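File shown here: query.pdb, holding PDB, C-alpha atoms.
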ATOM      1  CA  MET Y   1      17.981  -7.949  22.007  1.00  0.00           C
ATOM      2  CA  ASN Y   2      19.492  -9.136  25.287  1.00  0.00           C
ATOM      3  CA  ASN Y   3      22.273 -11.039  23.511  1.00  0.00           C
ATOM      4  CA  ALA Y   4      23.084  -8.239  21.069  1.00  0.00           C
ATOM      5  CA  PRO Y   5      26.785  -7.462  20.582  1.00  0.00           C
ATOM      6  CA  MET Y   6      28.183  -4.040  21.427  1.00  0.00           C
ATOM      7  CA  VAL Y   7      27.939  -1.238  18.844  1.00  0.00           C
ATOM      8  CA  TRP Y   8      29.832   2.068  19.087  1.00  0.00           C
ATOM      9  CA  VAL Y   9      28.860   5.332  17.401  1.00  0.00           C
ATOM     10  CA  TYR Y  10      30.993   8.261  16.295  1.00  0.00           C
ATOM     11  CA  HIS Y  11      30.314  11.246  14.064  1.00  0.00           C
ATOM     12  CA  SER Y  12      33.394  13.262  13.096  1.00  0.00           C
ATOM     13  CA  VAL Y  13      37.085  12.524  13.693  1.00  0.00           C
ATOM     14  CA  ALA Y  14      39.111  15.696  13.218  1.00  0.00           C
ATOM     15  CA  GLU Y  15      41.203  18.303  14.968  1.00  0.00           C
ATOM     16  CA  PHE Y  16      39.030  21.013  16.499  1.00  0.00           C
ATOM     17  CA  ASP Y  17      39.112  24.097  18.701  1.00  0.00           C
ATOM     18  CA  ARG Y  18      35.446  24.172  19.615  1.00  0.00           C
ATOM     19  CA  ASP Y  19      32.578  21.792  19.081  1.00  0.00           C
ATOM     20  CA  PRO Y  20      29.265  23.035  20.497  1.00  0.00           C
ATOM     21  CA  LEU Y  21      27.467  19.881  19.387  1.00  0.00           C
ATOM     22  CA  ARG Y  22      30.148  17.629  20.912  1.00  0.00           C
ATOM     23  CA  ILE Y  23      30.166  15.315  17.935  1.00  0.00           C
ATOM     24  CA  THR Y  24      33.897  15.502  17.179  1.00  0.00           C
ATOM     25  CA  VAL Y  25      36.661  13.221  18.412  1.00  0.00           C
ATOM     26  CA  SER Y  26      40.292  14.166  17.778  1.00  0.00           C
ATOM     27  CA  PRO Y  27      42.458  11.715  15.817  1.00  0.00           C
ATOM     28  CA  ASP Y  28      44.584  11.105  18.931  1.00  0.00           C
ATOM     29  CA  SER Y  29      41.528  10.224  21.015  1.00  0.00           C
ATOM     30  CA  PHE Y  30      40.175   8.010  18.259  1.00  0.00           C
ATOM     31  CA  HIS Y  31      43.448   6.089  18.085  1.00  0.00           C
ATOM     32  CA  ARG Y  32      43.363   5.625  21.863  1.00  0.00           C
ATOM     33  CA  HIS Y  33      39.872   4.189  21.617  1.00  0.00           C
ATOM     34  CA  MET Y  34      40.849   1.804  18.843  1.00  0.00           C
ATOM     35  CA  ARG Y  35      43.943   0.684  20.734  1.00  0.00           C
ATOM     36  CA  TRP Y  36      41.755   0.060  23.773  1.00  0.00           C
ATOM     37  CA  LEU Y  37      39.627  -2.314  21.708  1.00  0.00           C
ATOM     38  CA  ARG Y  38      42.613  -4.056  20.145  1.00  0.00           C
ATOM     39  CA  ASP Y  39      44.418  -4.487  23.471  1.00  0.00           C
ATOM     40  CA  ARG Y  40      41.362  -6.309  24.827  1.00  0.00           C
ATOM     41  CA  GLY Y  41      41.236  -8.716  21.945  1.00  0.00           C
ATOM     42  CA  LEU Y  42      38.268  -6.969  20.334  1.00  0.00           C
ATOM     43  CA  ARG Y  43      37.911  -6.143  16.645  1.00  0.00           C
ATOM     44  CA  GLY Y  44      35.871  -3.332  15.141  1.00  0.00           C
ATOM     45  CA  VAL Y  45      33.750  -4.379  12.162  1.00  0.00           C
ATOM     46  CA  THR Y  46      30.940  -3.194   9.912  1.00  0.00           C
ATOM     47  CA  MET Y  47      27.373  -3.838  10.944  1.00  0.00           C
ATOM     48  CA  ARG Y  48      27.115  -6.132   7.932  1.00  0.00           C
ATOM     49  CA  GLU Y  49      29.924  -8.335   9.242  1.00  0.00           C
ATOM     50  CA  LEU Y  50      28.659  -8.143  12.807  1.00  0.00           C
ATOM     51  CA  ARG Y  51      25.153  -9.246  11.869  1.00  0.00           C
ATOM     52  CA  ALA Y  52      26.461 -12.106   9.718  1.00  0.00           C
ATOM     53  CA  ALA Y  53      28.711 -13.291  12.549  1.00  0.00           C
ATOM     54  CA  GLU Y  54      25.849 -12.996  15.019  1.00  0.00           C
ATOM     55  CA  ALA Y  55      23.667 -15.176  12.797  1.00  0.00           C
ATOM     56  CA  ARG Y  56      26.396 -17.840  12.866  1.00  0.00           C
ATOM     57  CA  GLY Y  57      26.842 -17.526  16.613  1.00  0.00           C
ATOM     58  CA  GLU Y  58      30.371 -16.155  16.082  1.00  0.00           C
ATOM     59  CA  ALA Y  59      30.047 -12.523  17.193  1.00  0.00           C
ATOM     60  CA  ALA Y  60      32.121 -12.883  20.359  1.00  0.00           C
ATOM     61  CA  GLY Y  61      35.070 -10.490  20.229  1.00  0.00           C
ATOM     62  CA  LEU Y  62      33.476  -8.249  17.600  1.00  0.00           C
ATOM     63  CA  VAL Y  63      32.319  -4.665  18.108  1.00  0.00           C
ATOM     64  CA  GLY Y  64      30.230  -2.806  15.552  1.00  0.00           C
ATOM     65  CA  LEU Y  65      31.799   0.549  14.628  1.00  0.00           C
ATOM     66  CA  THR Y  66      29.405   3.102  13.177  1.00  0.00           C
ATOM     67  CA  PHE Y  67      29.737   6.716  12.028  1.00  0.00           C
ATOM     68  CA  ASP Y  68      26.742   8.985  11.571  1.00  0.00           C
ATOM     69  CA  ASP Y  69      26.266  11.715   8.944  1.00  0.00           C
ATOM     70  CA  GLY Y  70      28.874  10.698   6.350  1.00  0.00           C
ATOM     71  CA  TYR Y  71      31.398  13.471   6.930  1.00  0.00           C
ATOM     72  CA  ALA Y  72      34.358  13.703   4.558  1.00  0.00           C
ATOM     73  CA  ASP Y  73      36.778  13.020   7.406  1.00  0.00           C
ATOM     74  CA  PHE Y  74      35.483   9.451   7.430  1.00  0.00           C
ATOM     75  CA  ALA Y  75      37.273   8.959   4.108  1.00  0.00           C
ATOM     76  CA  THR Y  76      40.328  11.101   4.816  1.00  0.00           C
ATOM     77  CA  THR Y  77      40.991  10.334   8.495  1.00  0.00           C
ATOM     78  CA  VAL Y  78      38.900   7.447   9.801  1.00  0.00           C
ATOM     79  CA  VAL Y  79      39.496   4.872   7.079  1.00  0.00           C
ATOM     80  CA  PRO Y  80      43.330   5.158   7.201  1.00  0.00           C
ATOM     81  CA  ALA Y  81      43.200   4.929  11.017  1.00  0.00           C
ATOM     82  CA  LEU Y  82      40.986   1.840  10.935  1.00  0.00           C
ATOM     83  CA  ALA Y  83      43.369   0.202   8.467  1.00  0.00           C
ATOM     84  CA  GLU Y  84      46.161   0.404  11.052  1.00  0.00           C
ATOM     85  CA  TYR Y  85      44.173  -1.879  13.346  1.00  0.00           C
ATOM     86  CA  GLY Y  86      42.618  -4.136  10.745  1.00  0.00           C
ATOM     87  CA  PHE Y  87      39.180  -2.723  11.561  1.00  0.00           C
ATOM     88  CA  THR Y  88      36.247  -1.770   9.334  1.00  0.00           C
ATOM     89  CA  ALA Y  89      33.117   0.319   9.970  1.00  0.00           C
ATOM     90  CA  THR Y  90      29.684   1.308   8.735  1.00  0.00           C
ATOM     91  CA  VAL Y  91      29.049   4.944   7.840  1.00  0.00           C
ATOM     92  CA  PHE Y  92      25.470   6.222   7.720  1.00  0.00           C
ATOM     93  CA  VAL Y  93      25.232   8.919   5.056  1.00  0.00           C
ATOM     94  CA  VAL Y  94      22.696  11.729   4.617  1.00  0.00           C
ATOM     95  CA  ALA Y  95      21.932  10.901   0.998  1.00  0.00           C
ATOM     96  CA  GLY Y  96      20.601  14.293  -0.051  1.00  0.00           C
ATOM     97  CA  HIS Y  97      23.784  16.031   1.102  1.00  0.00           C
ATOM     98  CA  VAL Y  98      26.397  13.861  -0.635  1.00  0.00           C
ATOM     99  CA  GLY Y  99      29.057  16.187  -2.031  1.00  0.00           C
ATOM    100  CA  GLY Y 100      27.649  19.052   0.023  1.00  0.00           C
ATOM    101  CA  ASP Y 101      27.788  19.956   3.697  1.00  0.00           C
ATOM    102  CA  SER Y 102      25.927  19.498   6.961  1.00  0.00           C
ATOM    103  CA  SER Y 103      23.476  22.359   6.524  1.00  0.00           C
ATOM    104  CA  TRP Y 104      20.992  20.486   8.742  1.00  0.00           C
ATOM    105  CA  ASP Y 105      23.093  21.839  11.656  1.00  0.00           C
ATOM    106  CA  PRO Y 106      23.331  25.594  10.934  1.00  0.00           C
ATOM    107  CA  GLY Y 107      26.503  27.258  12.110  1.00  0.00           C
ATOM    108  CA  VAL Y 108      28.567  24.064  12.154  1.00  0.00           C
ATOM    109  CA  PRO Y 109      29.226  23.305   8.474  1.00  0.00           C
ATOM    110  CA  ARG Y 110      31.167  20.135   7.740  1.00  0.00           C
ATOM    111  CA  ASP Y 111      31.835  18.613   4.350  1.00  0.00           C
ATOM    112  CA  VAL Y 112      29.947  15.435   3.504  1.00  0.00           C
ATOM    113  CA  MET Y 113      31.666  12.760   1.416  1.00  0.00           C
ATOM    114  CA  THR Y 114      31.517  13.065  -2.343  1.00  0.00           C
ATOM    115  CA  PRO Y 115      30.268  10.236  -4.597  1.00  0.00           C
ATOM    116  CA  GLU Y 116      33.890   9.394  -5.376  1.00  0.00           C
ATOM    117  CA  GLN Y 117      34.744   9.120  -1.687  1.00  0.00           C
ATOM    118  CA  LEU Y 118      31.747   6.887  -1.078  1.00  0.00           C
ATOM    119  CA  ARG Y 119      32.960   4.508  -3.749  1.00  0.00           C
ATOM    120  CA  GLU Y 120      36.509   4.641  -2.402  1.00  0.00           C
ATOM    121  CA  VAL Y 121      35.510   3.630   1.128  1.00  0.00           C
ATOM    122  CA  VAL Y 122      33.269   0.863  -0.184  1.00  0.00           C
ATOM    123  CA  ALA Y 123      36.207  -0.463  -2.220  1.00  0.00           C
ATOM    124  CA  VAL Y 124      38.291  -0.942   0.944  1.00  0.00           C
ATOM    125  CA  GLY Y 125      35.592  -2.833   2.828  1.00  0.00           C
ATOM    126  CA  MET Y 126      33.485  -0.185   4.535  1.00  0.00           C
ATOM    127  CA  GLU Y 127      29.692  -0.401   4.576  1.00  0.00           C
ATOM    128  CA  ILE Y 128      27.408   2.449   3.521  1.00  0.00           C
ATOM    129  CA  GLY Y 129      24.073   2.864   5.296  1.00  0.00           C
ATOM    130  CA  SER Y 130      21.361   5.506   5.072  1.00  0.00           C
ATOM    131  CA  HIS Y 131      20.989   8.335   7.571  1.00  0.00           C
ATOM    132  CA  SER Y 132      17.852   9.571   5.755  1.00  0.00           C
ATOM    133  CA  LEU Y 133      17.602  11.936   2.808  1.00  0.00           C
ATOM    134  CA  THR Y 134      17.722  15.312   4.595  1.00  0.00           C
ATOM    135  CA  HIS Y 135      18.433  14.555   8.296  1.00  0.00           C
ATOM    136  CA  PRO Y 136      15.068  15.651   9.752  1.00  0.00           C
ATOM    137  CA  ARG Y 137      13.646  14.823  13.155  1.00  0.00           C
ATOM    138  CA  LEU Y 138      11.577  11.985  11.736  1.00  0.00           C
ATOM    139  CA  PRO Y 139       8.783  11.975  14.352  1.00  0.00           C
ATOM    140  CA  THR Y 140       7.960  15.561  13.293  1.00  0.00           C
ATOM    141  CA  VAL Y 141       7.691  14.696   9.582  1.00  0.00           C
ATOM    142  CA  ASP Y 142       4.121  14.385   8.334  1.00  0.00           C
ATOM    143  CA  GLY Y 143       3.194  10.993   6.997  1.00  0.00           C
ATOM    144  CA  GLY Y 144       3.006  10.515   3.273  1.00  0.00           C
ATOM    145  CA  ARG Y 145       5.399  11.191   0.435  1.00  0.00           C
ATOM    146  CA  ARG Y 146       8.078  13.075   2.381  1.00  0.00           C
ATOM    147  CA  LEU Y 147       8.358  10.411   5.067  1.00  0.00           C
ATOM    148  CA  VAL Y 148       8.648   7.712   2.400  1.00  0.00           C
ATOM    149  CA  GLU Y 149      11.381   9.694   0.627  1.00  0.00           C
ATOM    150  CA  GLU Y 150      13.478   9.933   3.783  1.00  0.00           C
ATOM    151  CA  PHE Y 151      13.664   6.147   3.785  1.00  0.00           C
ATOM    152  CA  THR Y 152      13.180   4.758   0.280  1.00  0.00           C
ATOM    153  CA  THR Y 153      14.695   7.593  -1.767  1.00  0.00           C
ATOM    154  CA  SER Y 154      17.765   7.799   0.472  1.00  0.00           C
ATOM    155  CA  LYS Y 155      18.286   4.067   0.033  1.00  0.00           C
ATOM    156  CA  ALA Y 156      17.934   4.269  -3.768  1.00  0.00           C
ATOM    157  CA  VAL Y 157      20.267   7.274  -4.060  1.00  0.00           C
ATOM    158  CA  LEU Y 158      23.053   5.602  -2.095  1.00  0.00           C
ATOM    159  CA  GLU Y 159      22.681   2.324  -3.949  1.00  0.00           C
ATOM    160  CA  ASP Y 160      22.887   4.161  -7.249  1.00  0.00           C
ATOM    161  CA  LEU Y 161      26.017   6.051  -6.149  1.00  0.00           C
ATOM    162  CA  THR Y 162      27.877   3.048  -4.756  1.00  0.00           C
ATOM    163  CA  GLY Y 163      26.558   0.155  -6.824  1.00  0.00           C
ATOM    164  CA  GLU Y 164      25.982  -1.822  -3.623  1.00  0.00           C
ATOM    165  CA  ALA Y 165      22.887  -2.774  -1.672  1.00  0.00           C
ATOM    166  CA  VAL Y 166      22.171  -0.548   1.320  1.00  0.00           C
ATOM    167  CA  SER Y 167      20.685  -2.620   4.123  1.00  0.00           C
ATOM    168  CA  GLY Y 168      21.193  -0.373   7.164  1.00  0.00           C
ATOM    169  CA  PHE Y 169      19.409   2.754   8.364  1.00  0.00           C
ATOM    170  CA  CYS Y 170      20.195   5.157  11.213  1.00  0.00           C
ATOM    171  CA  TYR Y 171      17.597   7.484  12.743  1.00  0.00           C
ATOM    172  CA  PRO Y 172      18.674  11.161  12.670  1.00  0.00           C
ATOM    173  CA  TYR Y 173      19.184  12.461  16.216  1.00  0.00           C
ATOM    174  CA  GLY Y 174      18.328   8.935  17.353  1.00  0.00           C
ATOM    175  CA  GLN Y 175      14.654   9.894  17.272  1.00  0.00           C
ATOM    176  CA  HIS Y 176      12.135   7.221  16.369  1.00  0.00           C
ATOM    177  CA  GLY Y 177       8.820   5.731  17.358  1.00  0.00           C
ATOM    178  CA  ALA Y 178       6.670   2.835  16.225  1.00  0.00           C
ATOM    179  CA  ARG Y 179       5.833   4.640  12.964  1.00  0.00           C
ATOM    180  CA  GLU Y 180       9.491   5.109  12.027  1.00  0.00           C
ATOM    181  CA  VAL Y 181      10.376   1.529  12.912  1.00  0.00           C
ATOM    182  CA  GLU Y 182       7.570   0.318  10.665  1.00  0.00           C
ATOM    183  CA  ALA Y 183       8.697   2.649   7.854  1.00  0.00           C
ATOM    184  CA  VAL Y 184      12.231   1.212   8.013  1.00  0.00           C
ATOM    185  CA  THR Y 185      10.967  -2.321   7.503  1.00  0.00           C
ATOM    186  CA  GLU Y 186       8.591  -1.274   4.724  1.00  0.00           C
ATOM    187  CA  ALA Y 187      11.457   0.462   2.906  1.00  0.00           C
ATOM    188  CA  GLY Y 188      13.341  -2.826   2.739  1.00  0.00           C
ATOM    189  CA  PHE Y 189      16.144  -2.170   5.214  1.00  0.00           C
ATOM    190  CA  GLY Y 190      17.554  -5.157   7.070  1.00  0.00           C
ATOM    191  CA  TYR Y 191      18.345  -3.326  10.316  1.00  0.00           C
ATOM    192  CA  ALA Y 192      18.340   0.136  11.865  1.00  0.00           C
ATOM    193  CA  CYS Y 193      20.430   1.871  14.526  1.00  0.00           C
ATOM    194  CA  ALA Y 194      19.179   4.187  17.230  1.00  0.00           C
ATOM    195  CA  LEU Y 195      21.275   5.910  19.897  1.00  0.00           C
ATOM    196  CA  TRP Y 196      19.933   4.931  23.290  1.00  0.00           C
ATOM    197  CA  HIS Y 197      17.971   1.930  24.517  1.00  0.00           C
ATOM    198  CA  THR Y 198      14.209   2.453  23.987  1.00  0.00           C
ATOM    199  CA  GLU Y 199      11.027   0.414  24.157  1.00  0.00           C
ATOM    200  CA  HIS Y 200      11.573  -0.366  20.454  1.00  0.00           C
ATOM    201  CA  ALA Y 201      15.071  -1.796  20.984  1.00  0.00           C
ATOM    202  CA  GLY Y 202      15.743  -4.661  18.630  1.00  0.00           C
ATOM    203  CA  LEU Y 203      16.904  -5.280  15.088  1.00  0.00           C
ATOM    204  CA  PHE Y 204      15.243  -2.071  13.864  1.00  0.00           C
ATOM    205  CA  ALA Y 205      16.230   0.181  16.768  1.00  0.00           C
ATOM    206  CA  MET Y 206      19.633  -1.041  17.876  1.00  0.00           C
ATOM    207  CA  PRO Y 207      21.067   0.961  20.806  1.00  0.00           C
ATOM    208  CA  ARG Y 208      24.667   2.092  20.583  1.00  0.00           C
ATOM    209  CA  ILE Y 209      27.427   3.339  22.877  1.00  0.00           C
ATOM    210  CA  GLU Y 210      29.021   6.731  22.178  1.00  0.00           C
ATOM    211  CA  PRO Y 211      32.621   7.454  23.199  1.00  0.00           C
ATOM    212  CA  PHE Y 212      33.447  11.163  23.284  1.00  0.00           C
ATOM    213  CA  ASP Y 213      36.708  13.015  22.785  1.00  0.00           C
ATOM    214  CA  GLU Y 214      37.408  13.082  26.520  1.00  0.00           C
ATOM    215  CA  THR Y 215      36.398   9.465  27.114  1.00  0.00           C
ATOM    216  CA  GLY Y 216      39.342   7.594  28.600  1.00  0.00           C
ATOM    217  CA  PRO Y 217      39.909   3.966  29.619  1.00  0.00           C
ATOM    218  CA  MET Y 218      37.605   4.191  32.642  1.00  0.00           C
ATOM    219  CA  GLY Y 219      34.859   5.742  30.531  1.00  0.00           C
ATOM    220  CA  LEU Y 220      35.195   3.037  27.886  1.00  0.00           C
ATOM    221  CA  ARG Y 221      35.127   0.360  30.532  1.00  0.00           C
ATOM    222  CA  GLY Y 222      32.013   1.940  32.027  1.00  0.00           C
ATOM    223  CA  ARG Y 223      30.292   1.936  28.652  1.00  0.00           C
ATOM    224  CA  MET Y 224      31.091  -1.737  28.200  1.00  0.00           C
ATOM    225  CA  LEU Y 225      29.655  -2.430  31.657  1.00  0.00           C
ATOM    226  CA  ALA Y 226      26.532  -0.433  30.788  1.00  0.00           C
ATOM    227  CA  HIS Y 227      26.097  -2.502  27.638  1.00  0.00           C
ATOM    228  CA  ARG Y 228      26.397  -5.745  29.583  1.00  0.00           C
ATOM    229  CA  MET Y 229      23.917  -4.522  32.166  1.00  0.00           C
ATOM    230  CA  ASN Y 230      21.454  -3.523  29.464  1.00  0.00           C
ATOM    231  CA  LYS Y 231      21.737  -7.022  28.004  1.00  0.00           C
ATOM    232  CA  THR Y 232      20.859  -8.585  31.354  1.00  0.00           C
ATOM    233  CA  TYR Y 233      18.484  -5.896  32.601  1.00  0.00           C
ATOM    234  CA  PRO Y 234      17.017  -4.097  29.558  1.00  0.00           C
ATOM    235  CA  ASN Y 235      15.459  -1.348  31.682  1.00  0.00           C
ATOM    236  CA  ILE Y 236      18.523  -0.809  33.888  1.00  0.00           C
ATOM    237  CA  ARG Y 237      19.213   2.656  32.483  1.00  0.00           C
ATOM    238  CA  GLY Y 238      15.772   3.929  33.428  1.00  0.00           C
ATOM    239  CA  ILE Y 239      15.877   2.297  36.838  1.00  0.00           C
ATOM    240  CA  LEU Y 240      19.252   3.786  37.763  1.00  0.00           C
ATOM    241  CA  LYS Y 241      18.331   7.212  36.436  1.00  0.00           C
ATOM    242  CA  ASP Y 242      14.951   7.315  38.191  1.00  0.00           C
ATOM    243  CA  ARG Y 243      16.123   5.942  41.535  1.00  0.00           C
ATOM    244  CA  PHE Y 244      19.696   7.146  41.821  1.00  0.00           C
ATOM    245  CA  GLY Y 245      20.093   9.935  39.260  1.00  0.00           C
ATOM    246  CA  LEU Y 246      22.714   7.922  37.334  1.00  0.00           C
ATOM    247  CA  ASP Y 247      22.882   8.073  33.557  1.00  0.00           C
ATOM    248  CA  LEU Y 248      24.698   5.146  31.923  1.00  0.00           C
ATOM    249  CA  GLN Y 249      25.133   7.229  28.781  1.00  0.00           C
ATOM    250  CA  ALA Y 250      26.746  10.124  30.635  1.00  0.00           C
ATOM    251  CA  ARG Y 251      29.627  11.734  28.784  1.00  0.00           C
ATOM    252  CA  GLY Y 252      33.124  11.306  30.127  1.00  0.00           C
TER     253      GLY Y 252
END

Using structure tokens, write down the structure from this file.
Amino acid sequence: MNNAPMVWVYHSVAEFDRDPLRITVSPDSFHRHMRWLRDRGLRGVTMRELRAAEARGEAAGLVGLTFDDGYADFATTVVPALAEYGFTATVFVVAGHVGGDSSWDPGVPRDVMTPEQLREVVAVGMEIGSHSLTHPRLPTVDGGRRLVEEFTTSKAVLEDLTGEAVSGFCYPYGQHGAREVEAVTEAGFGYACALWHTEHAGLFAMPRIEPFDETGPMGLRGRMLAHRMNKTYPNIRGILKDRFGLDLQARG
């Protein structure tokens, strides 16, 4: 995992007055982030393209762009913005909520893409991945049928809706352990994304960097530095936090 390319994660891109979960980035902030990448000679791509380039040894200059949950603003706001920069992205969709809303987060309802929107974004080069069937905290789900459904059924539903193979998975809330990593591989996924760097970091628990609405150039530069440090010193985040109280994933 030490040579892994950088992967960014977003959730929603929309105008907002309040966001208690801090998962929303305004369109203006998102454009600033994308310009920051472009101005440094970097290109945002789907995880599918990133992994293929990595296998060829040609991933230099590429950054994986990922979006969790599958909100409708991915289709209406994100995709047109990405087109301005020649970028693409992977969106991890909660399969059981397609055409519905984000009822897994009570009090903060957001529309989830419809089947038609899923097909539209696929048609312009975006990748669809699974973010489970119902967005549970997977480590709390009892083993057996329900756990299998979160992985295998979500994959089948999205493949049926889009007509394309779904090879990527993203752990809801970033929560996973050895059992979940094993379940991802057994379900036939080719890779999985986490949030932070854990003991399971690798192809099936890929850590990502999260820019927030308020993240400016210095914050983006710091996240890039944190990624490079994690590549060289995989446990650097824990060391700095334990010894100096510094959190490389701090928001800002």

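Coordinates place atom CA of Ala75 of chain Y at a distance of 21.0 Å from atom CA of Leu37 of chain Y.
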
inquiry  = Once the PyMOL selection byres ((chain Y and resi 204-210) around 7) has been evaluated on this model, what residues remain selected, and can you format them as a ChimeraX atom specification?
reply    = /Y:7-10,181,191-197,200-203,211-212,223

note = Glu182 of chain Y proximity check over Y:Ala81, Y:Leu158, Y:Ala89, Y:Val148, using only C-alpha atoms: winner is Y:Val148

Neighbours of point (24.6, -2.7, -4.8) within 12 Å, using all atoms listed in the file, written as number ranges by chain = Y: 119, 122, 127-129, 155-167

With C-alpha atoms retained, write the just-selected residues as a PDB file, keeping the file's coordinate frame.
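Printed below is again.pdb as written:
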ATOM      1  CA  ARG Y 119      32.960   4.508  -3.749  1.00  0.00           C
ATOM      2  CA  VAL Y 122      33.269   0.863  -0.184  1.00  0.00           C
ATOM      3  CA  GLU Y 127      29.692  -0.401   4.576  1.00  0.00           C
ATOM      4  CA  ILE Y 128      27.408   2.449   3.521  1.00  0.00           C
ATOM      5  CA  GLY Y 129      24.073   2.864   5.296  1.00  0.00           C
ATOM      6  CA  LYS Y 155      18.286   4.067   0.033  1.00  0.00           C
ATOM      7  CA  ALA Y 156      17.934   4.269  -3.768  1.00  0.00           C
ATOM      8  CA  VAL Y 157      20.267   7.274  -4.060  1.00  0.00           C
ATOM      9  CA  LEU Y 158      23.053   5.602  -2.095  1.00  0.00           C
ATOM     10  CA  GLU Y 159      22.681   2.324  -3.949  1.00  0.00           C
ATOM     11  CA  ASP Y 160      22.887   4.161  -7.249  1.00  0.00           C
ATOM     12  CA  LEU Y 161      26.017   6.051  -6.149  1.00  0.00           C
ATOM     13  CA  THR Y 162      27.877   3.048  -4.756  1.00  0.00           C
ATOM     14  CA  GLY Y 163      26.558   0.155  -6.824  1.00  0.00           C
ATOM     15  CA  GLU Y 164      25.982  -1.822  -3.623  1.00  0.00           C
ATOM     16  CA  ALA Y 165      22.887  -2.774  -1.672  1.00  0.00           C
ATOM     17  CA  VAL Y 166      22.171  -0.548   1.320  1.00  0.00           C
ATOM     18  CA  SER Y 167      20.685  -2.620   4.123  1.00  0.00           C
TER      19      SER Y 167
END

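Counting from atom CA of Thr198 of chain Y, the distance to atom CA of His227 of chain Y is 13.4 Å.
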
Edge lengths and centre in Å to one decimal, as JSON, of the axis-aligned box that encloses all listed atoms of segment 194-198 of chain Y with 8 Å added on every side?
{"center_x": 17.7, "center_y": 3.9, "center_z": 20.9, "size_x": 23.1, "size_y": 20.0, "size_z": 23.3}
